[in-house]
file input-v3.txt (compact mmCIF, C-alpha atoms)
# COMPACT_ATOMS: atom_id res chain seq x y z
CA MET Z 1 -23.33 -14.32 -20.35
CA LEU Z 2 -25.92 -12.87 -17.93
CA ASN Z 3 -28.99 -13.67 -20.02
CA PHE Z 4 -30.30 -16.05 -17.34
CA LEU Z 5 -30.83 -13.02 -15.06
CA PRO Z 6 -33.95 -10.84 -15.24
CA ALA Z 7 -33.53 -7.61 -17.17
CA ILE Z 8 -33.60 -5.45 -14.04
CA ASP Z 9 -30.79 -7.48 -12.47
CA ARG Z 10 -28.68 -7.18 -15.62
CA TYR Z 11 -29.30 -3.45 -15.63
CA ILE Z 12 -28.26 -3.04 -11.99
CA PHE Z 13 -25.22 -5.24 -12.61
CA ARG Z 14 -24.06 -2.90 -15.39
CA LEU Z 15 -24.69 0.14 -13.22
CA VAL Z 16 -22.61 -1.32 -10.39
CA ILE Z 17 -19.75 -3.04 -12.19
CA VAL Z 18 -18.52 -0.11 -14.30
CA PRO Z 19 -17.93 2.43 -11.48
CA MET Z 20 -16.75 -0.35 -9.18
CA LEU Z 21 -13.97 -1.39 -11.55
CA GLY Z 22 -13.14 2.25 -12.20
CA VAL Z 23 -12.83 3.07 -8.50
CA PHE Z 24 -10.84 -0.10 -7.88
CA ALA Z 25 -8.39 0.74 -10.68
CA LEU Z 26 -8.11 4.38 -9.58
CA ALA Z 27 -7.53 3.55 -5.90
CA ALA Z 28 -4.98 0.84 -6.68
CA SER Z 29 -3.18 3.11 -9.18
CA LEU Z 30 -2.92 5.98 -6.69
CA LEU Z 31 -1.53 3.70 -4.01
CA VAL Z 32 0.95 2.12 -6.44
CA LEU Z 33 2.12 5.46 -7.85
CA ASP Z 34 2.68 6.89 -4.38
CA LYS Z 35 4.71 3.86 -3.36
CA MET Z 36 6.57 3.78 -6.69
CA LEU Z 37 8.05 7.25 -6.09
CA ARG Z 38 9.30 6.19 -2.66
CA LEU Z 39 10.73 2.94 -3.99
CA LEU Z 40 12.51 4.71 -6.85
CA ASP Z 41 14.20 7.02 -4.36
CA PHE Z 42 15.07 4.08 -2.11
CA VAL Z 43 16.53 2.00 -4.96
CA ALA Z 44 18.47 4.99 -6.27
CA VAL Z 45 20.01 5.58 -2.83
CA GLU Z 46 20.88 1.90 -2.40
CA GLY Z 47 22.27 1.72 -5.94
CA GLY Z 48 20.18 -1.26 -6.99
CA PRO Z 49 18.69 -2.13 -10.40
CA VAL Z 50 15.54 -0.30 -11.42
CA GLY Z 51 13.79 -3.57 -12.26
CA VAL Z 52 13.54 -4.46 -8.58
CA VAL Z 53 11.10 -1.55 -8.13
CA PHE Z 54 8.49 -3.34 -10.21
CA LYS Z 55 9.08 -6.61 -8.38
CA MET Z 56 8.51 -4.86 -5.06
CA LEU Z 57 5.40 -3.13 -6.37
CA ALA Z 58 4.03 -6.48 -7.56
CA THR Z 59 4.38 -7.87 -4.02
CA LEU Z 60 2.41 -4.89 -2.68
CA LEU Z 61 -0.54 -5.36 -5.05
CA PRO Z 62 -2.36 -7.92 -2.83
CA GLU Z 63 -2.24 -5.53 0.12
CA TYR Z 64 -3.47 -2.62 -1.97
CA ALA Z 65 -6.16 -4.80 -3.54
CA SER Z 66 -7.49 -5.81 -0.12
CA LEU Z 67 -8.00 -2.09 0.61
CA ALA Z 68 -9.28 -1.09 -2.81
CA ILE Z 69 -11.83 -3.92 -3.17
CA PRO Z 70 -14.14 -2.80 -0.30
CA LEU Z 71 -13.87 0.82 -1.38
CA GLY Z 72 -14.60 -0.03 -5.02
CA LEU Z 73 -17.54 -2.22 -3.99
CA LEU Z 74 -19.03 0.51 -1.81
CA LEU Z 75 -18.70 3.30 -4.36
CA GLY Z 76 -19.83 1.08 -7.24
CA ILE Z 77 -23.13 0.28 -5.50
CA LEU Z 78 -23.49 3.81 -4.14
CA LEU Z 79 -23.05 5.47 -7.53
CA ALA Z 80 -25.43 2.96 -9.14
CA PHE Z 81 -28.25 3.73 -6.69
CA ARG Z 82 -27.45 7.42 -6.82
CA LYS Z 83 -27.99 7.35 -10.57
CA LEU Z 84 -31.25 5.45 -10.13
CA ALA Z 85 -32.42 8.04 -7.60
CA THR Z 86 -31.38 11.20 -9.48
CA THR Z 87 -32.99 9.97 -12.73
CA SER Z 88 -36.23 8.99 -10.89
CA GLU Z 89 -35.80 5.37 -12.01
CA LEU Z 90 -35.72 4.32 -8.37
CA ASP Z 91 -39.18 5.84 -7.81
CA VAL Z 92 -40.55 3.86 -10.74
CA LEU Z 93 -39.03 0.62 -9.49
CA ARG Z 94 -40.39 1.20 -6.02
CA ALA Z 95 -43.83 2.08 -7.44
CA VAL Z 96 -44.07 -1.28 -9.21
CA GLY Z 97 -43.43 -3.09 -5.93
CA MET Z 98 -39.68 -3.70 -5.92
CA SER Z 99 -38.19 -3.41 -2.46
CA TYR Z 100 -34.65 -2.38 -1.67
CA GLY Z 101 -33.96 -5.99 -0.72
CA ARG Z 102 -34.97 -7.10 -4.22
CA LEU Z 103 -32.88 -4.40 -5.86
CA LEU Z 104 -29.87 -5.38 -3.75
CA ARG Z 105 -29.93 -9.00 -4.92
CA VAL Z 106 -27.21 -8.52 -7.55
CA PRO Z 107 -25.06 -6.18 -5.37
CA PHE Z 108 -25.09 -8.79 -2.60
CA ALA Z 109 -24.08 -11.48 -5.11
CA ILE Z 110 -21.16 -9.32 -6.23
CA THR Z 111 -20.29 -8.73 -2.58
CA ALA Z 112 -20.18 -12.48 -1.89
CA VAL Z 113 -17.75 -13.04 -4.76
CA LEU Z 114 -15.50 -10.17 -3.68
CA MET Z 115 -15.56 -11.36 -0.08
CA ALA Z 116 -14.27 -14.74 -1.22
CA VAL Z 117 -11.53 -12.99 -3.20
CA ASN Z 118 -10.62 -10.87 -0.20
CA VAL Z 119 -10.47 -13.93 2.06
CA ALA Z 120 -7.92 -15.48 -0.28
CA LEU Z 121 -5.95 -12.23 -0.37
CA VAL Z 122 -5.78 -11.37 3.33
CA PHE Z 123 -5.39 -14.90 4.68
CA PHE Z 124 -3.11 -16.51 2.10
CA VAL Z 125 -1.70 -14.26 -0.65
CA GLN Z 126 -0.99 -11.09 1.29
CA PRO Z 127 1.13 -12.69 4.08
CA VAL Z 128 3.42 -14.37 1.55
CA SER Z 129 3.69 -11.26 -0.63
CA ARG Z 130 4.49 -9.13 2.43
CA PHE Z 131 7.33 -11.50 3.33
CA THR Z 132 8.59 -11.40 -0.27
CA TYR Z 133 8.63 -7.60 -0.16
CA GLU Z 134 10.66 -7.62 3.06
CA ARG Z 135 13.10 -10.10 1.54
CA LEU Z 136 13.58 -7.99 -1.58
CA GLU Z 137 14.19 -4.92 0.56
CA TYR Z 138 16.74 -6.83 2.64
CA ASP Z 139 18.50 -8.15 -0.47
CA LEU Z 140 18.65 -4.64 -1.87
CA ARG Z 141 20.16 -3.22 1.30
CA SER Z 142 22.67 -6.07 1.59
CA GLY Z 143 23.75 -5.89 -2.05
CA ALA Z 144 22.41 -9.28 -3.08
CA LEU Z 145 20.50 -7.65 -5.93
CA GLY Z 146 23.59 -6.15 -7.50
CA ALA Z 147 23.74 -2.77 -5.79
CA SER Z 148 26.22 -0.66 -7.71
CA ILE Z 149 29.21 1.33 -6.54
CA LYS Z 150 28.08 4.90 -5.88
CA VAL Z 151 29.92 7.37 -8.10
CA GLY Z 152 31.58 10.32 -6.38
CA GLU Z 153 31.45 8.75 -2.92
CA PHE Z 154 33.73 6.58 -0.83
CA ASN Z 155 32.40 3.03 -0.77
CA THR Z 156 33.52 0.63 1.95
CA ILE Z 157 33.95 -2.98 0.81
CA ALA Z 158 34.56 -5.86 3.22
CA ASP Z 159 35.68 -3.36 5.92
CA ARG Z 160 39.23 -3.33 4.53
CA MET Z 161 38.86 -1.42 1.33
CA ALA Z 162 37.68 2.10 0.52
CA LEU Z 163 36.91 2.75 -3.12
CA ARG Z 164 36.03 5.99 -4.90
CA ILE Z 165 35.13 6.39 -8.57
CA GLU Z 166 34.84 9.81 -10.20
CA GLU Z 167 32.92 8.82 -13.35
CA SER Z 168 31.08 5.81 -14.74
CA GLU Z 169 30.13 5.11 -18.36
CA ASN Z 170 28.41 2.32 -20.30
CA ASP Z 171 26.26 1.25 -17.33
CA GLY Z 172 29.30 0.82 -15.09
CA ARG Z 173 31.41 -1.14 -17.55
CA ARG Z 174 33.93 1.69 -17.79
CA LEU Z 175 35.12 3.44 -14.63
CA MET Z 176 37.34 6.54 -14.59
CA GLY Z 177 39.21 8.40 -11.89
CA ILE Z 178 39.66 5.49 -9.50
CA PHE Z 179 41.12 5.69 -6.02
CA ALA Z 180 41.36 2.69 -3.68
CA ARG Z 181 42.81 2.26 -0.22
CA VAL Z 182 43.37 -1.35 0.87
CA ALA Z 183 44.62 -2.72 4.22
CA ASN Z 184 45.88 -6.27 4.81
CA ASP Z 185 46.32 -8.46 7.88
CA ARG Z 186 49.96 -7.36 8.39
CA GLY Z 187 49.04 -3.70 8.81
CA GLN Z 188 50.26 -2.69 5.35
CA VAL Z 189 48.21 -0.12 3.44
CA LEU Z 190 48.04 0.24 -0.33
CA SER Z 191 46.89 3.54 -1.84
CA ILE Z 192 46.04 2.96 -5.48
CA SER Z 193 45.05 5.52 -8.10
CA ALA Z 194 44.27 4.75 -11.74
CA ARG Z 195 43.02 6.54 -14.82
CA GLU Z 196 40.33 3.97 -15.56
CA GLY Z 197 39.24 0.42 -14.83
CA SER Z 198 36.47 -2.15 -14.97
CA PHE Z 199 35.03 -4.97 -12.90
CA LEU Z 200 35.53 -8.56 -14.09
CA ALA Z 201 33.96 -11.73 -12.75
CA THR Z 202 36.07 -14.74 -11.77
CA THR Z 203 35.23 -18.30 -12.74
CA ASP Z 204 36.96 -20.10 -9.86
CA ASP Z 205 35.59 -18.05 -6.93
CA PRO Z 206 32.13 -16.45 -7.14
CA ASP Z 207 32.80 -14.52 -3.91
CA THR Z 208 35.68 -12.59 -5.48
CA ILE Z 209 35.68 -10.12 -8.36
CA ILE Z 210 38.58 -8.46 -10.15
CA LEU Z 211 38.96 -4.71 -10.51
CA ARG Z 212 41.21 -4.33 -13.56
CA LEU Z 213 43.02 -0.96 -13.38
CA THR Z 214 44.80 0.84 -16.22
CA ASP Z 215 47.57 3.49 -16.03
CA GLY Z 216 47.98 4.16 -12.34
CA THR Z 217 50.19 4.33 -9.28
CA ILE Z 218 50.48 2.19 -6.14
CA VAL Z 219 51.81 3.66 -2.90
CA GLN Z 220 52.64 0.89 -0.40
CA ASP Z 221 52.94 1.94 3.22
CA THR Z 222 54.86 -0.85 4.98
CA GLY Z 223 55.30 0.99 8.26
CA SER Z 224 58.84 2.16 7.43
CA GLN Z 225 59.78 5.79 6.88
CA THR Z 226 59.87 5.58 3.08
CA PRO Z 227 56.77 4.17 1.32
CA ARG Z 228 57.23 2.18 -1.88
CA VAL Z 229 55.85 3.77 -5.05
CA LEU Z 230 55.05 1.68 -8.12
CA THR Z 231 53.55 2.64 -11.47
CA PHE Z 232 51.67 0.22 -13.68
CA THR Z 233 50.04 -0.01 -17.07
CA ARG Z 234 47.58 -2.70 -15.98
CA HIS Z 235 46.94 -4.11 -12.54
CA ASP Z 236 44.32 -6.61 -11.33
CA LEU Z 237 43.04 -5.93 -7.85
CA PRO Z 238 41.04 -8.83 -6.32
CA ILE Z 239 38.11 -7.76 -4.18
CA ASP Z 240 36.45 -10.12 -1.73
CA LEU Z 241 32.72 -9.60 -1.77
CA PRO Z 242 31.12 -9.24 1.66
CA ALA Z 243 29.22 -12.29 2.86
CA ILE Z 244 25.48 -11.88 2.54
CA GLU Z 245 23.50 -13.38 5.36
CA GLU Z 246 20.40 -15.32 4.52
CA PHE Z 247 17.14 -13.54 5.14
CA ARG Z 248 15.11 -14.56 8.15
CA ALA Z 249 12.40 -17.19 7.94
CA ARG Z 250 8.79 -16.14 7.34
CA GLY Z 251 6.79 -15.52 10.49
CA GLU Z 252 8.75 -12.92 12.45
CA ASP Z 253 5.71 -10.66 12.05
CA GLU Z 254 2.21 -12.06 12.65
CA ARG Z 255 1.07 -10.38 9.45
CA GLU Z 256 3.19 -12.93 7.56
CA TYR Z 257 1.22 -15.93 8.88
CA ILE Z 258 -1.37 -17.56 6.66
CA LEU Z 259 -4.70 -18.74 8.08
CA PRO Z 260 -3.71 -22.24 9.33
CA GLU Z 261 -0.62 -20.80 11.04
CA LEU Z 262 -2.65 -18.08 12.76
CA LEU Z 263 -5.14 -20.63 14.07
CA ARG Z 264 -2.40 -22.97 15.26
CA ILE Z 265 -0.31 -20.33 17.04
CA GLY Z 266 -3.14 -18.15 18.31
CA TRP Z 267 -4.72 -20.96 20.33
CA ALA Z 268 -1.66 -23.09 21.14
CA ASP Z 269 -1.00 -23.72 24.83
CA GLU Z 270 2.74 -23.99 24.28
CA ALA Z 271 2.96 -20.54 22.64
CA SER Z 272 3.75 -17.52 24.79
CA GLU Z 273 0.94 -15.20 25.82
CA THR Z 274 2.44 -12.38 23.75
CA LYS Z 275 2.54 -14.61 20.67
CA ARG Z 276 -1.03 -15.79 21.20
CA ASP Z 277 -2.34 -12.23 21.64
CA ALA Z 278 -0.57 -11.02 18.50
CA SER Z 279 -1.80 -13.96 16.41
CA GLN Z 280 -5.38 -13.66 17.67
CA ALA Z 281 -5.34 -9.91 17.01
CA SER Z 282 -4.07 -10.44 13.45
CA PHE Z 283 -6.66 -13.16 12.78
CA ASN Z 284 -9.59 -11.10 14.10
CA PHE Z 285 -8.40 -7.99 12.27
CA ARG Z 286 -8.35 -9.79 8.93
CA LEU Z 287 -11.67 -11.52 9.62
CA VAL Z 288 -13.50 -8.37 10.66
CA GLU Z 289 -12.20 -6.51 7.60
CA VAL Z 290 -13.71 -9.21 5.37
CA VAL Z 291 -17.01 -9.48 7.26
CA MET Z 292 -17.37 -5.71 7.13
CA MET Z 293 -17.77 -5.99 3.34
CA ALA Z 294 -21.20 -7.62 3.87
CA LEU Z 295 -22.43 -4.25 5.15
CA MET Z 296 -21.25 -2.27 2.15
CA PRO Z 297 -24.44 -2.67 0.03
CA LEU Z 298 -26.60 -1.39 2.90
CA LEU Z 299 -24.27 1.54 3.56
CA ALA Z 300 -24.18 2.34 -0.15
CA VAL Z 301 -27.97 2.54 -0.36
CA ALA Z 302 -28.22 4.59 2.83
CA LEU Z 303 -25.71 7.20 1.60
CA GLY Z 304 -26.25 7.00 -2.15
CA ILE Z 305 -29.84 8.25 -2.30
CA PRO Z 306 -29.92 12.05 -1.98
CA PRO Z 307 -33.00 14.01 -0.78
CA LYS Z 308 -35.73 14.73 -3.32
CA ARG Z 309 -34.92 17.47 -5.82
CA SER Z 310 -31.30 17.41 -4.63
CA THR Z 311 -28.06 16.41 -6.32
CA SER Z 312 -25.93 16.63 -3.17
CA ALA Z 313 -22.84 14.41 -3.20
CA LEU Z 314 -22.40 14.54 0.57
CA GLY Z 315 -23.14 10.82 0.82
CA VAL Z 316 -20.26 9.93 -1.52
CA PHE Z 317 -17.79 11.92 0.57
CA LEU Z 318 -19.18 10.62 3.86
CA SER Z 319 -19.02 6.99 2.71
CA ILE Z 320 -15.28 7.26 2.00
CA VAL Z 321 -14.67 8.95 5.36
CA MET Z 322 -16.61 6.27 7.23
CA VAL Z 323 -14.84 3.33 5.58
CA VAL Z 324 -11.36 4.82 5.99
CA ALA Z 325 -12.06 5.83 9.61
CA TYR Z 326 -13.38 2.37 10.43
CA HIS Z 327 -10.27 0.79 8.87
CA LYS Z 328 -8.06 2.98 11.06
CA VAL Z 329 -10.08 2.03 14.15
CA ASN Z 330 -9.51 -1.63 13.27
CA GLN Z 331 -5.78 -1.04 12.91
CA TYR Z 332 -5.71 0.57 16.35
CA GLY Z 333 -7.74 -2.33 17.76
CA GLU Z 334 -5.25 -4.80 16.29
CA ASP Z 335 -2.34 -2.93 17.89
CA VAL Z 336 -3.86 -2.79 21.39
CA GLY Z 337 -5.02 -6.39 21.07
CA ALA Z 338 -1.54 -7.55 20.06
CA LEU Z 339 -0.05 -5.77 23.07
CA GLY Z 340 -2.50 -7.51 25.40
CA ILE Z 341 -4.01 -4.25 26.61
CA VAL Z 342 -7.51 -5.24 25.44
CA ASP Z 343 -8.81 -8.65 24.46
CA PRO Z 344 -8.65 -8.89 20.62
CA LEU Z 345 -12.30 -9.95 20.46
CA ILE Z 346 -13.39 -6.78 22.27
CA ALA Z 347 -10.90 -4.48 20.53
CA LEU Z 348 -12.01 -5.53 17.04
CA TRP Z 349 -15.55 -6.85 17.23
CA LEU Z 350 -17.04 -4.13 19.49
CA PRO Z 351 -16.32 -1.40 16.88
CA PHE Z 352 -17.71 -3.73 14.22
CA PHE Z 353 -21.05 -4.18 16.00
CA ILE Z 354 -21.28 -0.42 16.63
CA PHE Z 355 -20.53 0.26 12.97
CA ALA Z 356 -23.02 -2.43 11.88
CA ALA Z 357 -25.75 -1.00 14.14
CA LEU Z 358 -25.18 2.46 12.68
CA ILE Z 359 -25.40 1.15 9.11
CA LEU Z 360 -28.54 -0.89 9.83
CA TRP Z 361 -30.19 2.18 11.38
CA MET Z 362 -29.24 4.32 8.38
CA TYR Z 363 -30.53 1.69 5.95
CA HIS Z 364 -33.78 1.34 7.93
CA ARG Z 365 -34.33 5.11 7.72
CA VAL Z 366 -34.02 5.05 3.94
CA ALA Z 367 -35.77 1.77 3.18
CA PHE Z 368 -38.67 1.69 5.65
CA VAL Z 369 -39.35 5.25 6.84
CA PRO Z 370 -41.39 7.25 4.29
CA GLY Z 371 -39.28 10.20 3.16
CA GLY Z 372 -36.56 9.20 5.60
CA GLN Z 373 -32.94 10.14 5.08
CA ALA Z 374 -29.94 8.70 6.88
CA ILE Z 375 -27.99 11.96 6.90
CA GLU Z 376 -30.87 14.41 6.74
CA ALA Z 377 -29.44 16.68 9.46
CA LEU Z 378 -26.08 16.87 7.67
CA GLU Z 379 -27.78 17.54 4.35
CA ASN Z 380 -29.80 20.38 5.88
CA TRP Z 381 -26.72 21.83 7.56
CA LEU Z 382 -24.74 21.65 4.31
CA ALA Z 383 -27.59 23.34 2.40
CA LYS Z 384 -27.74 26.18 4.94
CA MET Z 385 -23.98 26.66 4.88
CA THR Z 386 -24.00 26.69 1.08
CA LYS Z 387 -26.69 29.39 1.04
CA ARG Z 388 -24.84 31.50 3.61
CA LEU Z 389 -21.58 31.24 1.70
CA GLY Z 390 -23.42 32.13 -1.51
CA ARG Z 391 -24.98 35.23 0.07
CA LEU Z 392 -21.65 36.24 1.57
CA PHE Z 393 -19.90 35.85 -1.77
CA ARG Z 394 -22.58 37.87 -3.61
CA ARG Z 395 -22.46 40.63 -0.97
CA ARG Z 396 -18.68 40.84 -1.22
CA GLN Z 397 -18.93 40.92 -5.01
CA ARG Z 398 -21.36 43.88 -4.86
CA VAL Z 399 -19.02 45.75 -2.48
CA VAL Z 400 -16.12 45.27 -4.89
CA GLN Z 401 -18.25 46.47 -7.81
CA ASP Z 402 -19.40 49.58 -5.87
CA GLU Z 403 -15.80 50.42 -4.97
CA ALA Z 404 -14.77 50.01 -8.60
CA GLU Z 405 -17.58 52.30 -9.81
CA ALA Z 406 -16.73 54.93 -7.18

call {"tool": "encode", "arguments": {"input": "input-v3.txt", "output": "structure tokens"}}
result
Amino acid sequence: MLNFLPAIDRYIFRLVIVPMLGVFALAASLLVLDKMLRLLDFVAVEGGPVGVVFKMLATLLPEYASLAIPLGLLLGILLAFRKLATTSELDVLRAVGMSYGRLLRVPFAITAVLMAVNVALVFFVQPVSRFTYERLEYDLRSGALGASIKVGEFNTIADRMALRIEESENDGRRLMGIFARVANDRGQVLSISAREGSFLATTDDPDTIILRLTDGTIVQDTGSQTPRVLTFTRHDLPIDLPAIEEFRARGEDEREYILPELLRIGWADEASETKRDASQASFNFRLVEVVMMALMPLLAVALGIPPKRSTSALGVFLSIVMVVAYHKVNQYGEDVGALGIVDPLIALWLPFFIFAALILWMYHRVAFVPGGQAIEALENWLAKMTKRLGRLFRRRQRVVQDEAEA
């Protein structure tokens, strides 16, 4: 498929694509697993079906992908150039006249494709999926997804009925140890207890279900001194389901707007100043996150090439810290821009230009300064600290051995 590319470009492509996909899968999996545990707890508390967990996770995938794609791109290129450097292949390529710009041709092509993917995600797919997630959560809380009666607890239904079930079998089809307390408009109260029962649907009214009770007692309090007591073999108790309000329309949060909506609202004269600031902040946040990806190949080269005769992985760690820290700075810039404290252009693009200048300086040190290193001072400090810790550990080990021999 890639035979039209020169051999060196195919080789670099293989070096980049394998760790990139691995990091992307690992990052997305960790984010999904962390959220899955929280959603399972949430669904269990709300009494909803387990299947909704996977629907909610599916709606979160675009958001997680928009975070994992830049990280996977950065580490894929970084690990590829680190391998070239540690195996001395990079020295050979440089000796035959290949510049870093030439070697970065394929990584920049991959970056362009992933930037296009990320544009589609953050400006179109992610807003809709975020709204879908909120709707599923609302439906789960409201009971529209079939939240079940909680066993061993009093459940309030339609504000006039309290229901408690001791045991449930066959996925809720058989209920045992039932107690219900029902009030009507005339102030009468029915206290019902039954050995077992089951829920039945009605064909004429979808807003009402039947609780069929078997072998129980009804105590009717009519307000007089002597309540009426009835026993029954089978009794059907109609239950009016609570009305479920429709979920709000998309767009309550600016993060739910797609690109055309952001542009229309953010620069509309008839929109309020608060709405314009929030829309402009959301638009610039998404845009700067995508544009930032164009710097990832340069940052990867600057941090991926360790000093000569060194296998230090400090650059790998530092690259993750820098990308995550910059993402958090952008989130803070979006918040202050949305509040109108700082103009969104300044709050989001000033950190970008500072970050870009730092990356360009680091890349210049590696690519154009003979023997230059972007994080040379940190590498030297880490080497000194490692030696000191090694000497301290060996000294402590000798002291322990001397005490043992004595």

call {"tool": "closest_residue", "arguments": {"input": "input-v3.txt", "among": "Z:Pro62, Z:Pro19, Z:Pro6, Z:Gly76", "to": "Leu31 in chain Z", "atoms": "all atoms listed in the file"}}
result
Z:Pro62

call {"tool": "closest_residue", "arguments": {"input": "input-v3.txt", "among": "Z:Ile354, Z:Ala302, Z:Val321, Z:Ala180", "to": "Gly372 in chain Z", "atoms": "only C-alpha atoms"}}
result
Z:Ala302

call {"tool": "residues_around", "arguments": {"input": "input-v3.txt", "residues": "Ala300 in chain Z", "least_positions_apart": "2", "cutoff": "10 Å", "atoms": "only C-alpha atoms", "output": "PyMOL selection string"}}
result
chain Z and resi 73-82+295-298+302-305+315-316+319+359+363

call {"tool": "atom_distance", "arguments": {"input": "input-v3.txt", "atom1": "CA of Pro344 in chain Z", "atom2": "CA of Gln280 in chain Z"}}
result
6.5 Å

call {"tool": "residues_near_point", "arguments": {"input": "input-v3.txt", "point": "(3.7, 1.3, -4.3)", "cutoff": "10 Å", "atoms": "all atoms listed in the file", "output": "mmCIF file with C-alpha atoms, in the frame of the given file"}}
result
data_model
loop_
_atom_site.group_PDB
_atom_site.id
_atom_site.type_symbol
_atom_site.label_atom_id
_atom_site.label_comp_id
_atom_site.auth_asym_id
_atom_site.auth_seq_id
_atom_site.Cartn_x
_atom_site.Cartn_y
_atom_site.Cartn_z
ATOM 1 C CA ALA Z 28 -4.980 0.840 -6.680
ATOM 2 C CA SER Z 29 -3.180 3.110 -9.180
ATOM 3 C CA LEU Z 30 -2.920 5.980 -6.690
ATOM 4 C CA LEU Z 31 -1.530 3.700 -4.010
ATOM 5 C CA VAL Z 32 0.950 2.120 -6.440
ATOM 6 C CA LEU Z 33 2.120 5.460 -7.850
ATOM 7 C CA ASP Z 34 2.680 6.890 -4.380
ATOM 8 C CA LYS Z 35 4.710 3.860 -3.360
ATOM 9 C CA MET Z 36 6.570 3.780 -6.690
ATOM 10 C CA LEU Z 37 8.050 7.250 -6.090
ATOM 11 C CA ARG Z 38 9.300 6.190 -2.660
ATOM 12 C CA LEU Z 39 10.730 2.940 -3.990
ATOM 13 C CA LEU Z 40 12.510 4.710 -6.850
ATOM 14 C CA VAL Z 53 11.100 -1.550 -8.130
ATOM 15 C CA PHE Z 54 8.490 -3.340 -10.210
ATOM 16 C CA MET Z 56 8.510 -4.860 -5.060
ATOM 17 C CA LEU Z 57 5.400 -3.130 -6.370
ATOM 18 C CA ALA Z 58 4.030 -6.480 -7.560
ATOM 19 C CA THR Z 59 4.380 -7.870 -4.020
ATOM 20 C CA LEU Z 60 2.410 -4.890 -2.680
ATOM 21 C CA LEU Z 61 -0.540 -5.360 -5.050
ATOM 22 C CA TYR Z 64 -3.470 -2.620 -1.970
#

call {"tool": "closest_residue", "arguments": {"input": "input-v3.txt", "among": "Z:Trp267, Z:Phe123, Z:Phe317, Z:Tyr138", "to": "Leu287 in chain Z", "atoms": "all atoms listed in the file"}}
result
Z:Phe123

call {"tool": "closest_residue", "arguments": {"input": "input-v3.txt", "among": "Z:Leu84, Z:Ile209, Z:Leu350, Z:Ala27", "to": "Pro70 in chain Z", "atoms": "all atoms listed in the file"}}
result
Z:Ala27

call {"tool": "residues_around", "arguments": {"input": "input-v3.txt", "residues": "Ser279 in chain Z", "least_positions_apart": "6", "cutoff": "12 Å", "atoms": "only C-alpha atoms", "output": "ChimeraX atom specification"}}
result
/Z:251-268,271-273,285-286,334-335,337-340,343-345

call {"tool": "atom_distance", "arguments": {"input": "input-v3.txt", "atom1": "CA of Ala95 in chain Z", "atom2": "CA of Pro107 in chain Z"}}
result
20.6 Å

call {"tool": "atom_distance", "arguments": {"input": "input-v3.txt", "atom1": "CA of Ala85 in chain Z", "atom2": "CA of Glu379 in chain Z"}}
result
16.0 Å

call {"tool": "closest_residue", "arguments": {"input": "input-v3.txt", "among": "Z:Ser129, Z:Ser191, Z:Ser66, Z:Asn284", "to": "Met115 in chain Z", "atoms": "all atoms listed in the file"}}
result
Z:Ser66

call {"tool": "residues_around", "arguments": {"input": "input-v3.txt", "residues": "Val151 in chain Z", "least_positions_apart": "5", "cutoff": "7 Å", "atoms": "all atoms listed in the file", "output": "list in words"}}
result
Ile165, Glu166, Glu167 and Ser168 of chain Z

call {"tool": "residues_near_point", "arguments": {"input": "input-v3.txt", "point": "(45.8, -4.6, -10.3)", "cutoff": "8 Å", "atoms": "all atoms listed in the file", "output": "JSON, numbers by chain"}}
result
{"Z": [211, 212, 213, 234, 235, 236, 237, 238]}

call {"tool": "residues_around", "arguments": {"input": "input-v3.txt", "residues": "range 328-333 of chain Z", "least_positions_apart": "6", "cutoff": "9 Å", "atoms": "only C-alpha atoms", "output": "list in words"}}
result
Ala281, Phe285, Val288, Glu289, Val342, Pro344, Ile346, Ala347, Leu348, Trp349, Pro351 and Phe352 of chain Z

call {"tool": "closest_residue", "arguments": {"input": "input-v3.txt", "among": "Z:Ala325, Z:Leu318, Z:Leu299, Z:Leu71", "to": "Ala357 in chain Z", "atoms": "all atoms listed in the file"}}
result
Z:Leu299
